[in-house]
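The structure file entry05.tsv is reproduced below (TSV, C-alpha atoms (C1' of nucleotides)).
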chain	number	residue	atom	x	y	z
X	1	MET	CA	10.11	30.59	-7.37
X	2	SER	CA	9.73	26.93	-8.02
X	3	ASP	CA	13.42	26.34	-7.65
X	4	ASP	CA	13.84	25.17	-4.19
X	5	ALA	CA	11.90	27.00	-1.54
X	6	PRO	CA	8.16	26.62	-2.02
X	7	SER	CA	5.96	29.40	-0.68
X	8	ASN	CA	3.66	28.79	2.24
X	9	ALA	CA	0.72	28.61	-0.11
X	10	VAL	CA	2.41	25.89	-2.10
X	11	VAL	CA	3.31	23.88	0.97
X	12	LEU	CA	-0.22	24.21	2.27
X	13	ALA	CA	-1.66	23.11	-1.06
X	14	TRP	CA	0.65	20.09	-0.99
X	15	ALA	CA	-0.29	19.12	2.53
X	16	ARG	CA	-3.98	19.44	1.85
X	17	LEU	CA	-3.71	17.57	-1.42
X	18	VAL	CA	-2.30	14.57	0.36
X	19	ARG	CA	-4.69	14.80	3.25
X	20	ALA	CA	-7.82	15.43	1.22
X	21	GLN	CA	-7.12	12.61	-1.18
X	22	THR	CA	-6.32	10.21	1.63
X	23	ALA	CA	-9.48	11.10	3.47
X	24	VAL	CA	-11.78	11.08	0.46
X	25	LEU	CA	-10.27	8.01	-1.13
X	26	SER	CA	-10.45	5.95	1.99
X	27	ALA	CA	-14.04	7.03	2.54
X	28	VAL	CA	-14.97	6.00	-0.99
X	29	GLU	CA	-13.09	2.71	-0.68
X	30	ALA	CA	-14.86	2.04	2.58
X	31	ASP	CA	-18.26	2.59	0.96
X	32	LEU	CA	-17.38	0.15	-1.81
X	33	LYS	CA	-16.15	-2.43	0.62
X	34	ALA	CA	-19.17	-2.02	2.83
X	35	ALA	CA	-21.31	-2.84	-0.18
X	36	GLY	CA	-19.28	-5.99	-0.76
X	37	PHE	CA	-17.36	-4.78	-3.79
X	38	PRO	CA	-13.70	-5.14	-4.72
X	39	PRO	CA	-11.26	-2.23	-4.48
X	40	LEU	CA	-11.50	0.85	-6.59
X	41	ALA	CA	-8.48	-0.17	-8.65
X	42	TRP	CA	-10.53	-3.01	-10.07
X	43	TYR	CA	-13.19	-0.60	-11.22
X	44	ASP	CA	-10.60	1.72	-12.70
X	45	ALA	CA	-9.04	-1.05	-14.70
X	46	LEU	CA	-12.37	-2.31	-15.97
X	47	LEU	CA	-13.43	1.21	-16.86
X	48	GLU	CA	-10.33	1.79	-18.96
X	49	LEU	CA	-10.84	-1.51	-20.70
X	50	SER	CA	-14.50	-0.78	-21.34
X	51	ARG	CA	-13.44	2.28	-23.31
X	52	ARG	CA	-11.31	0.22	-25.69
X	53	PRO	CA	-13.38	-2.61	-27.03
X	54	LYS	CA	-10.30	-3.95	-28.79
X	55	GLY	CA	-8.57	-4.33	-25.47
X	56	LEU	CA	-5.41	-2.82	-24.12
X	57	ARG	CA	-1.85	-3.96	-23.77
X	58	PRO	CA	-0.63	-4.24	-20.19
X	59	PHE	CA	1.88	-1.46	-20.69
X	60	GLU	CA	-0.88	0.83	-21.92
X	61	LEU	CA	-3.07	0.12	-18.94
X	62	GLU	CA	-0.05	0.67	-16.75
X	63	LYS	CA	0.35	4.19	-18.09
X	64	GLU	CA	-3.33	4.99	-17.79
X	65	MET	CA	-3.51	3.86	-14.23
X	66	LEU	CA	-0.14	5.18	-13.06
X	67	LEU	CA	0.72	1.78	-11.69
X	68	ALA	CA	4.09	0.13	-11.48
X	69	GLN	CA	4.65	-2.60	-14.03
X	70	TYR	CA	4.65	-5.44	-11.54
X	71	ASN	CA	1.58	-4.10	-9.80
X	72	LEU	CA	-0.32	-3.94	-13.03
X	73	SER	CA	0.80	-7.45	-13.87
X	74	ARG	CA	-0.57	-8.73	-10.62
X	75	LEU	CA	-3.75	-6.72	-10.72
X	76	VAL	CA	-4.44	-8.32	-14.08
X	77	ASP	CA	-3.69	-11.73	-12.54
X	78	ARG	CA	-6.41	-11.14	-9.97
X	79	LEU	CA	-8.90	-9.75	-12.44
X	80	GLU	CA	-8.28	-12.66	-14.74
X	81	LYS	CA	-8.60	-15.22	-11.98
X	82	ALA	CA	-11.87	-13.61	-10.96
X	83	GLY	CA	-13.08	-13.86	-14.55
X	84	TYR	CA	-13.41	-10.14	-15.23
X	85	VAL	CA	-10.77	-9.88	-17.96
X	86	THR	CA	-8.94	-12.18	-20.32
X	87	ARG	CA	-5.36	-12.13	-21.53
X	88	SER	CA	-4.82	-13.16	-25.10
X	89	PRO	CA	-1.66	-13.26	-27.18
X	90	CYS	CA	-0.96	-10.07	-29.03
X	91	PRO	CA	-1.00	-10.33	-32.79
X	92	GLY	CA	2.06	-8.55	-34.09
X	93	ASP	CA	4.11	-8.71	-30.92
X	94	ALA	CA	4.76	-12.13	-29.52
X	95	ARG	CA	6.07	-10.72	-26.26
X	96	GLY	CA	2.83	-9.02	-25.45
X	97	HIS	CA	-0.73	-9.65	-24.46
X	98	VAL	CA	-4.01	-7.98	-25.04
X	99	ILE	CA	-6.33	-7.61	-22.11
X	100	THR	CA	-10.03	-7.45	-22.73
X	101	LEU	CA	-13.07	-7.06	-20.57
X	102	THR	CA	-15.37	-10.04	-20.19
X	103	SER	CA	-19.11	-9.75	-19.91
X	104	ASP	CA	-18.75	-10.54	-16.22
X	105	GLY	CA	-16.35	-7.65	-15.97
X	106	LYS	CA	-18.80	-5.36	-17.66
X	107	ALA	CA	-21.53	-6.57	-15.35
X	108	LEU	CA	-19.40	-5.90	-12.30
X	109	MET	CA	-18.84	-2.34	-13.42
X	110	LYS	CA	-22.57	-1.84	-13.84
X	111	ARG	CA	-23.24	-3.18	-10.38
X	112	MET	CA	-20.52	-1.09	-8.78
X	113	TRP	CA	-21.34	2.21	-10.37
X	114	PRO	CA	-24.38	3.15	-8.29
X	115	THR	CA	-22.44	2.66	-5.08
X	116	TYR	CA	-19.37	4.36	-6.43
X	117	ARG	CA	-21.37	7.26	-7.79
X	118	ALA	CA	-23.15	7.74	-4.49
X	119	ALA	CA	-19.82	7.70	-2.68
X	120	ILE	CA	-18.41	10.41	-4.95
X	121	ALA	CA	-21.55	12.45	-4.50
X	122	ARG	CA	-21.32	12.11	-0.76
X	123	HIS	CA	-17.65	12.64	-0.17
X	124	VAL	CA	-16.92	15.20	-2.88
X	125	GLY	CA	-20.25	16.57	-4.11
X	126	GLY	CA	-21.46	17.05	-0.58
X	127	LYS	CA	-18.64	19.43	0.20
X	128	LEU	CA	-18.34	21.57	-2.90
X	129	ASP	CA	-20.84	23.43	-5.01
X	130	GLU	CA	-20.74	23.26	-8.79
X	131	THR	CA	-18.47	26.22	-9.25
X	132	GLU	CA	-16.04	25.03	-6.66
X	133	ALA	CA	-15.93	21.55	-8.14
X	134	ALA	CA	-15.14	22.99	-11.54
X	135	GLU	CA	-12.43	25.23	-10.12
X	136	LEU	CA	-10.89	22.38	-8.19
X	137	ALA	CA	-10.87	20.18	-11.26
X	138	ALA	CA	-9.19	22.94	-13.26
X	139	LEU	CA	-6.48	23.52	-10.66
X	140	LEU	CA	-5.80	19.82	-10.23
X	141	GLY	CA	-5.55	19.57	-13.99
X	142	LYS	CA	-2.57	21.88	-13.86
X	143	LEU	CA	-0.83	19.57	-11.47
X	144	ILE	CA	-1.27	16.63	-13.75
X	145	ARG	CA	-0.29	17.93	-17.14
X	146	PRO	CA	3.17	18.12	-18.54
X	147	PRO	CA	5.52	15.47	-17.19
X	148	ASN	CA	7.67	18.22	-15.70
X	149	ALA	CA	11.06	19.82	-15.73
C	150	MET	CA	-27.60	17.52	-5.37
C	151	SER	CA	-25.17	15.57	-3.27
C	152	ASP	CA	-27.63	12.77	-2.81
C	153	ASP	CA	-26.69	10.22	-5.29
C	154	ALA	CA	-25.85	11.46	-8.75
C	155	PRO	CA	-22.79	13.68	-8.75
C	156	SER	CA	-22.52	16.26	-11.50
C	157	ASN	CA	-19.90	15.94	-14.18
C	158	ALA	CA	-17.85	18.63	-12.50
C	159	VAL	CA	-17.85	16.68	-9.26
C	160	VAL	CA	-16.86	13.44	-10.94
C	161	LEU	CA	-14.09	15.21	-12.80
C	162	ALA	CA	-12.83	16.82	-9.61
C	163	TRP	CA	-12.80	13.40	-7.97
C	164	ALA	CA	-10.93	11.75	-10.80
C	165	ARG	CA	-8.34	14.49	-10.92
C	166	LEU	CA	-7.94	14.52	-7.17
C	167	VAL	CA	-6.96	10.88	-7.19
C	168	ARG	CA	-4.77	11.19	-10.22
C	169	ALA	CA	-3.01	14.40	-9.21
C	170	GLN	CA	-2.27	13.15	-5.74
C	171	THR	CA	-1.00	9.83	-7.03
C	172	ALA	CA	1.25	11.51	-9.55
C	173	VAL	CA	2.58	14.21	-7.25
C	174	LEU	CA	2.98	11.96	-4.24
C	175	SER	CA	4.87	9.32	-6.11
C	176	ALA	CA	7.11	11.96	-7.65
C	177	VAL	CA	7.90	13.38	-4.23
C	178	GLU	CA	8.46	9.94	-2.75
C	179	ALA	CA	10.77	9.11	-5.61
C	180	ASP	CA	12.83	12.23	-4.97
C	181	LEU	CA	13.17	11.31	-1.31
C	182	LYS	CA	14.15	7.77	-2.11
C	183	ALA	CA	16.62	8.89	-4.74
C	184	ALA	CA	18.31	10.96	-2.05
C	185	GLY	CA	18.52	7.89	0.17
C	186	PHE	CA	15.81	8.89	2.63
C	187	PRO	CA	13.02	6.86	4.19
C	188	PRO	CA	9.39	7.22	3.09
C	189	LEU	CA	7.39	10.36	3.54
C	190	ALA	CA	5.31	8.76	6.29
C	191	TRP	CA	8.39	8.75	8.47
C	192	TYR	CA	8.85	12.46	7.98
C	193	ASP	CA	5.19	13.09	8.68
C	194	ALA	CA	5.31	11.20	11.91
C	195	LEU	CA	8.48	12.91	13.05
C	196	LEU	CA	7.05	16.29	12.12
C	197	GLU	CA	3.94	15.76	14.21
C	198	LEU	CA	6.05	14.63	17.11
C	199	SER	CA	8.37	17.59	16.76
C	200	ARG	CA	5.40	19.87	17.33
C	201	ARG	CA	4.58	18.27	20.67
C	202	PRO	CA	7.70	18.24	22.77
C	203	LYS	CA	5.80	16.27	25.41
C	204	GLY	CA	5.21	13.51	22.92
C	205	LEU	CA	2.03	12.01	21.56
C	206	ARG	CA	-0.03	8.97	22.33
C	207	PRO	CA	-0.22	6.47	19.50
C	208	PHE	CA	-3.95	7.04	19.11
C	209	GLU	CA	-3.35	10.76	18.75
C	210	LEU	CA	-0.75	10.28	16.08
C	211	GLU	CA	-3.10	7.86	14.38
C	212	LYS	CA	-5.75	10.57	14.08
C	213	GLU	CA	-3.28	13.17	12.88
C	214	MET	CA	-1.92	10.93	10.20
C	215	LEU	CA	-5.17	9.27	9.13
C	216	LEU	CA	-3.55	5.89	9.57
C	217	ALA	CA	-5.20	2.68	10.67
C	218	GLN	CA	-4.37	1.68	14.21
C	219	TYR	CA	-2.26	-1.32	13.28
C	220	ASN	CA	-0.41	0.63	10.66
C	221	LEU	CA	0.48	3.32	13.12
C	222	SER	CA	1.58	0.70	15.60
C	223	ARG	CA	3.93	-0.80	13.07
C	224	LEU	CA	5.19	2.49	11.76
C	225	VAL	CA	6.18	3.34	15.32
C	226	ASP	CA	7.86	-0.08	15.58
C	227	ARG	CA	10.05	0.80	12.63
C	228	LEU	CA	10.78	4.32	13.79
C	229	GLU	CA	11.67	3.03	17.20
C	230	LYS	CA	13.91	0.29	15.85
C	231	ALA	CA	15.67	2.88	13.72
C	232	GLY	CA	16.19	5.02	16.81
C	233	TYR	CA	14.12	8.01	15.72
C	234	VAL	CA	11.47	7.79	18.41
C	235	THR	CA	11.03	6.21	21.81
C	236	ARG	CA	8.00	4.64	23.42
C	237	SER	CA	7.63	5.23	27.11
C	238	PRO	CA	4.87	4.20	29.47
C	239	CYS	CA	2.12	6.73	29.81
C	240	PRO	CA	1.73	8.29	33.23
C	241	GLY	CA	-1.95	8.24	34.09
C	242	ASP	CA	-2.98	5.49	31.69
C	243	ALA	CA	-1.21	2.22	32.08
C	244	ARG	CA	-2.60	0.91	28.80
C	245	GLY	CA	-0.91	3.57	26.80
C	246	HIS	CA	2.41	4.83	25.63
C	247	VAL	CA	3.88	8.16	24.89
C	248	ILE	CA	5.94	8.49	21.78
C	249	THR	CA	8.66	11.08	21.67
C	250	LEU	CA	11.15	12.20	19.12
C	251	THR	CA	14.81	11.42	19.74
C	252	SER	CA	17.61	13.74	18.77
C	253	ASP	CA	18.39	11.37	15.91
C	254	GLY	CA	14.80	11.74	14.79
C	255	LYS	CA	15.08	15.50	14.90
C	256	ALA	CA	18.32	15.30	12.95
C	257	LEU	CA	16.73	13.12	10.30
C	258	MET	CA	13.97	15.66	9.80
C	259	LYS	CA	16.50	18.41	9.37
C	260	ARG	CA	18.39	16.39	6.80
C	261	MET	CA	15.27	15.44	4.89
C	262	TRP	CA	13.67	18.84	4.71
C	263	PRO	CA	15.81	20.38	1.96
C	264	THR	CA	15.11	17.46	-0.34
C	265	TYR	CA	11.46	17.35	0.59
C	266	ARG	CA	11.07	21.09	0.20
C	267	ALA	CA	12.69	21.01	-3.22
C	268	ALA	CA	10.39	18.19	-4.26
C	269	ILE	CA	7.31	20.15	-3.23
C	270	ALA	CA	8.61	23.20	-5.04
C	271	ARG	CA	9.24	21.17	-8.14
C	272	HIS	CA	6.13	19.06	-8.30
C	273	VAL	CA	3.61	21.52	-6.93
C	274	GLY	CA	5.18	24.97	-6.96
C	275	GLY	CA	6.39	24.47	-10.48
C	276	LYS	CA	2.87	24.01	-11.78
C	277	LEU	CA	0.87	26.64	-9.93
C	278	ASP	CA	1.37	30.31	-9.29
C	279	GLU	CA	0.78	31.79	-5.85
C	280	THR	CA	-2.85	32.61	-6.41
C	281	GLU	CA	-3.62	29.20	-7.79
C	282	ALA	CA	-1.85	27.48	-4.93
C	283	ALA	CA	-3.87	29.46	-2.42
C	284	GLU	CA	-7.12	28.69	-4.25
C	285	LEU	CA	-6.29	25.03	-4.44
C	286	ALA	CA	-5.48	24.91	-0.76
C	287	ALA	CA	-8.77	26.61	0.06
C	288	LEU	CA	-10.82	24.22	-2.07
C	289	LEU	CA	-9.07	21.15	-0.71
C	290	GLY	CA	-9.70	22.49	2.77
C	291	LYS	CA	-13.42	22.19	2.11
C	292	LEU	CA	-13.01	18.54	1.30
C	293	ILE	CA	-11.26	17.86	4.53
C	294	ARG	CA	-13.30	19.62	7.12
C	295	PRO	CA	-16.33	18.30	8.85
C	296	PRO	CA	-16.40	14.52	9.10
C	297	ASN	CA	-19.56	14.41	6.99
C	298	ALA	CA	-23.18	13.41	6.93
F	299	DT	C1'	23.42	-12.65	-40.13
F	300	DC	C1'	25.22	-12.24	-35.68
F	301	DT	C1'	25.45	-9.56	-31.71
F	302	DA	C1'	24.16	-5.92	-28.48
F	303	DT	C1'	20.65	-3.59	-26.56
F	304	DA	C1'	15.88	-2.45	-25.64
F	305	DT	C1'	11.11	-3.62	-24.49
F	306	DA	C1'	7.00	-6.60	-22.71
F	307	DG	C1'	5.79	-8.98	-19.14
F	308	DA	C1'	6.24	-12.27	-15.18
F	309	DT	C1'	8.09	-13.79	-10.72
F	310	DG	C1'	10.90	-14.88	-6.19
F	311	DC	C1'	11.60	-12.77	-2.12
F	312	DA	C1'	11.36	-9.15	1.43
F	313	DT	C1'	8.54	-5.51	3.31
F	314	DT	C1'	4.17	-3.47	4.18
F	315	DT	C1'	-0.74	-3.47	4.68
F	316	DG	C1'	-5.28	-5.27	6.00
F	317	DC	C1'	-8.06	-7.97	8.89
F	318	DA	C1'	-9.24	-10.26	12.87
F	319	DT	C1'	-8.16	-11.15	17.27
F	320	DT	C1'	-5.78	-10.66	21.61
F	321	DT	C1'	-3.93	-8.57	25.84
F	322	DA	C1'	-4.14	-5.19	29.11
F	323	DC	C1'	-6.14	-1.67	31.44
F	324	DA	C1'	-10.14	1.75	32.27
F	325	DT	C1'	-14.79	3.05	33.28
F	326	DG	C1'	-19.63	2.77	34.27
F	327	DT	C1'	-23.33	0.17	36.69
F	328	DC	C1'	-25.17	-2.27	40.26
W	329	DG	C1'	-16.05	-4.70	44.98
W	330	DA	C1'	-17.73	-7.52	40.89
W	331	DC	C1'	-19.04	-7.50	36.29
W	332	DA	C1'	-19.97	-5.89	31.76
W	333	DT	C1'	-18.42	-2.95	28.43
W	334	DG	C1'	-15.18	0.25	26.30
W	335	DT	C1'	-10.57	1.87	24.82
W	336	DA	C1'	-5.21	1.51	23.96
W	337	DA	C1'	-2.16	-0.95	21.62
W	338	DA	C1'	0.02	-5.14	19.72
W	339	DT	C1'	0.14	-9.25	16.82
W	340	DG	C1'	-0.60	-13.72	13.80
W	341	DC	C1'	-1.68	-14.55	9.43
W	342	DA	C1'	-3.16	-13.55	4.61
W	343	DA	C1'	-2.98	-10.37	0.80
W	344	DA	C1'	-0.78	-6.64	-1.63
W	345	DT	C1'	3.37	-3.96	-2.81
W	346	DG	C1'	8.21	-2.92	-3.88
W	347	DC	C1'	12.49	-4.42	-5.64
W	348	DA	C1'	15.43	-6.96	-8.35
W	349	DT	C1'	15.77	-10.14	-11.65
W	350	DC	C1'	14.46	-13.22	-15.33
W	351	DT	C1'	12.55	-14.89	-19.75
W	352	DA	C1'	11.17	-14.01	-24.23
W	353	DT	C1'	10.88	-11.35	-28.14
W	354	DA	C1'	12.04	-7.14	-30.88
W	355	DT	C1'	15.07	-4.00	-32.98
W	356	DA	C1'	19.29	-1.56	-34.25
W	357	DG	C1'	24.23	-1.97	-35.76
W	358	DA	C1'	28.43	-4.03	-37.34
How would this structure read if it were set down as structure tokens?
Amino acid sequence: MSDDAPSNAVVLAWARLVRAQTAVLSAVEADLKAAGFPPLAWYDALLELSRRPKGLRPFELEKEMLLAQYNLSRLVDRLEKAGYVTRSPCPGDARGHVITLTSDGKALMKRMWPTYRAAIARHVGGKLDETEAAELAALLGKLIRPPNA
Amino acid sequence: MSDDAPSNAVVLAWARLVRAQTAVLSAVEADLKAAGFPPLAWYDALLELSRRPKGLRPFELEKEMLLAQYNLSRLVDRLEKAGYVTRSPCPGDARGHVITLTSDGKALMKRMWPTYRAAIARHVGGKLDETEAAELAALLGKLIRPPNA
DNA sequence: TCTATATAGATGCATTTGCATTTACATGTC
DNA sequence: GACATGTAAATGCAAATGCATCTATATAGA
């Protein structure tokens, strides 16, 4: 039944997935911007980097963030120019770089989190109870998992 | 509990919402592009218009599609240039336009749907059973509904 | 080793988006 | 009617994205 003709339930789930994410994401982005912060993608990148104190290779960050190669390259350009990350040559692979978080980058994350957290609470937490949030997370997890057939 | 500090379940639901939509949407877009079709937004716009044979005002389409005003304006530019819609003056409000689907636009929708449908089946239907799809749709519906506090 | 191919990453150029502003008309108030 | 304010839609310009390609290094084979 996943061959070609999706059921109505599947089509509805698809439509609402796109719409809900668009609505919630743009609301969260708007809250960040209103507080004078950079886009969410900056936070995401810094967060990933903060979890790997040794830094990450661009291609690794690319996979984590589901970004196209050239987009990641340019996001790192901006983050570097703003002083939030550094690129250093990669020992062991002269083609590559290692990206690491600077202390400014870490500080930005700390400053953004309260606003970001409040936005999530408002735009997601405000509409679902605990059980629903857990169920939603579980169902969305199924959509993410195996690459696919 | 939706004040400021979202629970872990809420944060997880948020993270997966963004990630699942990004992954699924880009997979569906890629399938459309691989088949030589224009972006999903074109289909969305044409679909909305196909439901209102009298046409829609740009600001109405803007609300339906959750697009910024200038983005809608330019999307309509492209659709019009490609011959899929027409802009005509709006009787009763000389500021406005009415956008209507052309027969070419209708034909494009018809041609796109099999590919689009198969993509939804593959990337959503393939990962959820009927019950799960219905549950997911219901939960996402809660995220969409009332504007919010 | 020399060559072919694959991978990491950047970049030029076209398209799209975002932002601010503009133009045109509508509506409410006096 | 005249004026202030509001709404519909477009647009100039800057920033971001997508696409194709390019450079540099790595790796696998002959």
Give me the chain X side of the contact with chain C, cut-off 6 Å, one line per residue showing its nearest atom pair and distance in Å at one decimal, counting all atoms listed in the file, sorted by chain and residue number, as a tab-separated table.
residue	atom	partner	partner_atom	distance
X:Ser2	CA	C:Gly275	CA	4.8
X:Asp4	CA	C:Ala267	CA	4.4
X:Pro6	CA	C:Ala270	CA	4.6
X:Ala9	CA	C:Ala283	CA	5.2
X:Val10	CA	C:Ala282	CA	5.4
X:Ala13	CA	C:Ala286	CA	4.2
X:Arg16	CA	C:Leu289	CA	5.9
X:Ala20	CA	C:Ile293	CA	5.4
X:Ala118	CA	C:Asp153	CA	4.4
X:Ala121	CA	C:Pro155	CA	4.6
X:Arg122	CA	C:Ser151	CA	5.8
X:Gly125	CA	C:Ser151	CA	5.1
X:Gly126	CA	C:Ser151	CA	4.8
X:Lys127	CA	C:Leu292	CA	5.8
X:Ala133	CA	C:Val159	CA	5.4
X:Ala134	CA	C:Ala158	CA	5.2
X:Ala137	CA	C:Ala162	CA	4.2
X:Leu140	CA	C:Arg165	CA	5.9
X:Leu143	CA	C:Lys276	CA	5.8
X:Ile144	CA	C:Ala169	CA	5.3
Could the residues of stretch 200-279 of chain C that have an atom at most 10 Å from stretch 331-341 of chain W be listed as CSV, each with its closest atom pair and the distance in Å to one decimal, counting only C-alpha atoms (C1' of nucleotides) and ordered by chain and ascending residue number?
residue,atom,partner,partner_atom,distance
C:Arg206,CA,W:DA336,C1',9.2
C:Pro207,CA,W:DA337,C1',8.0
C:Phe208,CA,W:DA336,C1',7.5
C:Gln218,CA,W:DA337,C1',8.2
C:Tyr219,CA,W:DA338,C1',7.8
C:Leu221,CA,W:DA337,C1',9.9
C:Ser222,CA,W:DA337,C1',7.3
C:Arg223,CA,W:DA338,C1',8.9
C:Asp242,CA,W:DA336,C1',9.0
C:Ala243,CA,W:DA336,C1',9.1
C:Arg244,CA,W:DA336,C1',5.5
C:Gly245,CA,W:DA336,C1',5.5
C:His246,CA,W:DA337,C1',8.4
Based on the selection just made, write C-alpha atoms of those residues as a compact mmCIF listing (two decimals), in the frame of the given file.
# COMPACT_ATOMS: atom_id res chain seq x y z
CA ARG C 206 -0.03 8.97 22.33
CA PRO C 207 -0.22 6.47 19.50
CA PHE C 208 -3.95 7.04 19.11
CA GLN C 218 -4.37 1.68 14.21
CA TYR C 219 -2.26 -1.32 13.28
CA LEU C 221 0.48 3.32 13.12
CA SER C 222 1.58 0.70 15.60
CA ARG C 223 3.93 -0.80 13.07
CA ASP C 242 -2.98 5.49 31.69
CA ALA C 243 -1.21 2.22 32.08
CA ARG C 244 -2.60 0.91 28.80
CA GLY C 245 -0.91 3.57 26.80
CA HIS C 246 2.41 4.83 25.63
> Expressed in Å to a single decimal, how great is the separation between atom CA of X:Leu79 and atom CA of X:Ala27?
Replying inline: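 We find that atom CA of X:Leu79 and atom CA of X:Ala27 lie 23.1 Å from each other.
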> Which polymer residues, protein or nucleic acid, are no farther than 9 Å from (8.8, -13.4, -8.7), counting only C-alpha atoms (C1' of nucleotides), as a PyMOL selection string?
Replying inline: (chain F and resi 308-311) or (chain W and resi 349-350)
> Any idea which chain F residues end up within 9 Å of chain X if we count all atoms listed in the file, as a PyMOL selection string please?
Replying inline: chain F and resi 305-308
> When the cut-off is 10 Å and we count all atoms listed in the file, which residues of chain W are near chain X, given as a VMD selection string?
Replying inline: chain W and resid 344 to 347 352 to 354
> Within 12 Å of (-11.6, -13.4, -12.1), in the coordinates the file gives, what residues turn up when you count all atoms listed in the file, written out as a count of residues only?
Replying inline: 22
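Interatomic distance, atom CA of X:Ala41 to atom CA of C:Glu178: 20.6 Å.
Taking atom CA of X:Val28 and atom CA of X:Thr100 as endpoints, the distance between them is 26.0 Å.
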>> Could you check the closest approach to X:Arg52 for each of X:Leu32, X:Cys90, X:Val98, X:Leu40 and tell me which residue wins, using all atoms listed in the file?
In response: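 Between X:Leu32, X:Cys90, X:Val98, X:Leu40, the residue approaching X:Arg52 most closely is X:Val98.
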